[in-house]
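Below is one structure, written out as structure tokens; the observations come after it.
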Amino acid sequence: MKRPLIFVQDPNALKNWLNACGTDAKVLYDLTDLATRFDTESHMILIQISPSSTVSEIVEIAKKYDVIAFANEPNNQEGLQLFENGIKGYINTFSSVERIEQAIETVKAGSIWLGQNVMQAMIQSLMKSNQPNNDWKASLTDREQEAAELVLQSKTNKEIAKQLEITERTVKAHLHNVFEKLDVSDRLALVLKIKNWQ
């Protein structure tokens, strides 16, 4: 498991971050020479975007480490820019302990954490750039296809449930099956796979 290294300027946020990371976390007081101080394979960086840790500096760190960036006021454009440059997670600085824990676990598992709004913006951006062929549907049931199509339209589970007139639990079951059949781990991976389907 990767040990979290925390760089935060806001002491109010630090408490939640430390609670989410547990006793294994280490607080950083500067970002200089990280690669000489901490092994890139066994550490991840949690870093607040601020005047002392700019987006460009965070992008450089992300070339060597798994990074979760925290923003006081997250926005889709910044989230997309960070993701395109290798950031693994993007979350509000003042998120709850539970939300931070989810983000950390997601990144440790090899996936990305962007939050719902940024994820939807990413999916919309990907789908506008290229329309896939429909061969990906071959192994899916009709209902699974419908659920996947709505994911491609950036719909949330709640919106999918309403449109298909089923429960959110059923939506989750359909998407779980879709993820398994198409060998992906999350919505973004699903969109990327469908977009690039040969």
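Please note that chains go A, B, ... in the order of the structure tokens, that every chain numbers its residues from 1, and that ligands are numbered from 1 in the order shown.
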
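The shell of residues at most 7 Å from Leu175 (chain A), with only C-alpha atoms counted and near chain neighbours (fewer than 4 positions) removed, consists of Glu144, Ala147, Ala148, Val171 and Phe179 of chain A.
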
Residues of the last selection are to be written out with N, CA and C atoms, as a PDB file, in the first residue's frame.
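Result file follows (part-v9.pdb):
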ATOM      1  N   GLU A 144     -28.687  -3.726 -20.193  1.00  0.00           N
ATOM      2  CA  GLU A 144     -27.308  -3.289 -19.957  1.00  0.00           C
ATOM      3  C   GLU A 144     -26.872  -2.285 -21.020  1.00  0.00           C
ATOM      4  N   ALA A 147     -28.474   1.072 -20.195  1.00  0.00           N
ATOM      5  CA  ALA A 147     -27.777   1.723 -19.080  1.00  0.00           C
ATOM      6  C   ALA A 147     -26.433   2.295 -19.536  1.00  0.00           C
ATOM      7  N   ALA A 148     -25.695   1.529 -20.318  1.00  0.00           N
ATOM      8  CA  ALA A 148     -24.392   1.987 -20.819  1.00  0.00           C
ATOM      9  C   ALA A 148     -24.555   3.198 -21.735  1.00  0.00           C
ATOM     10  N   VAL A 171     -29.838  -0.199 -11.466  1.00  0.00           N
ATOM     11  CA  VAL A 171     -28.875   0.477 -12.353  1.00  0.00           C
ATOM     12  C   VAL A 171     -27.460   0.039 -11.995  1.00  0.00           C
ATOM     13  N   PHE A 179     -19.496  -3.414 -16.671  1.00  0.00           N
ATOM     14  CA  PHE A 179     -18.077  -3.267 -16.356  1.00  0.00           C
ATOM     15  C   PHE A 179     -17.361  -4.610 -16.446  1.00  0.00           C
TER      16      PHE A 179
END

- prompt: Neighbours of region 73-85 of chain A within 12 Å (only C-alpha atoms; same-chain residues fewer than 5 positions away dropped), as an NGL selection string?
  reply: :A and (48-50 or 54-64 or 66-68 or 90-95 or 111-126 or 188)

query: Per DSSP on the backbone, what are the strand (DSSP E or B) residues of chain A, as a list in words?
result: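 The residues of chain A classed as strand (DSSP E or B) are Arg3, Pro4, Leu5, Ile6, Phe7, Lys26, Val27, His43, Met44, Ile45, Leu46, Ile47, Gln48, Ser50, Ser53, Asp66, Val67, Ile68, Ala69, Phe70, Ala71, Gly89, Tyr90, Ile91, Asn92 and Trp113 of chain A.
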
Near region 181-184 of chain A, 12 Å: region 105-174 of chain A residue rows, closest pairs, only C-alpha atoms, as JSON lines:
{"residue": "A:Gly110", "atom": "CA", "partner": "A:Val184", "partner_atom": "CA", "distance": 11.6}
{"residue": "A:Ser111", "atom": "CA", "partner": "A:Val184", "partner_atom": "CA", "distance": 10.1}
{"residue": "A:Asp135", "atom": "CA", "partner": "A:Leu182", "partner_atom": "CA", "distance": 11.3}
{"residue": "A:Trp136", "atom": "CA", "partner": "A:Leu182", "partner_atom": "CA", "distance": 7.8}
{"residue": "A:Lys137", "atom": "CA", "partner": "A:Leu182", "partner_atom": "CA", "distance": 9.3}
{"residue": "A:Ala138", "atom": "CA", "partner": "A:Lys181", "partner_atom": "CA", "distance": 10.1}
{"residue": "A:Ser139", "atom": "CA", "partner": "A:Lys181", "partner_atom": "CA", "distance": 7.0}
{"residue": "A:Leu140", "atom": "CA", "partner": "A:Lys181", "partner_atom": "CA", "distance": 7.4}
{"residue": "A:Thr141", "atom": "CA", "partner": "A:Lys181", "partner_atom": "CA", "distance": 10.5}
{"residue": "A:Glu144", "atom": "CA", "partner": "A:Lys181", "partner_atom": "CA", "distance": 10.1}
{"residue": "A:Gln145", "atom": "CA", "partner": "A:Lys181", "partner_atom": "CA", "distance": 11.4}
{"residue": "A:Ala148", "atom": "CA", "partner": "A:Leu182", "partner_atom": "CA", "distance": 10.8}
{"residue": "A:His174", "atom": "CA", "partner": "A:Lys181", "partner_atom": "CA", "distance": 10.6}

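Picture a line from CA of Ser52 (chain A) to CA of Asp39 (chain A); it runs 22.8 Å.
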
message: For the structure I just gave you, how does DSSP split region 81-154 of chain A - specifically, which residues are alpha helix (DSSP H)? Reply as a PyMOL selection string.
response: chain A and resi 81-84+97-108+116-129+142-152

query: Counting only C-alpha atoms, what is within 10 Å of region 40-47 of chain A, bar same-chain residues fewer than 4 positions away, as a ChimeraX atom specification?
result: /A:1-9,17,21,25-28,31,34-36,53-54,58,61-71,88-90,93,104,107-108

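In terms of minimum interatomic distance to Leu150 (chain A), A:Val191 ranks closest within A:Asn134, A:Gly86, A:Asn16, A:Val191, counting only C-alpha atoms.
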
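Candidate residues A:Asp24, A:Glu168, A:Glu149, A:Asp142 were compared for distance to Leu190 (chain A), and the nearest is A:Glu149, using only C-alpha atoms.
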
- request: Calculate how many Å separate CA of Glu146 (chain A) from CA of Arg169 (chain A), rounding to one decimal.
  value: 15.3 Å

field: Counting only C-alpha atoms, the residue of A:Ala161, A:Glu98, A:Asn72, A:Arg37 that sits nearest Gly22 (chain A)
entry: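 Under the stated criterion, the closest residue is A:Glu98.
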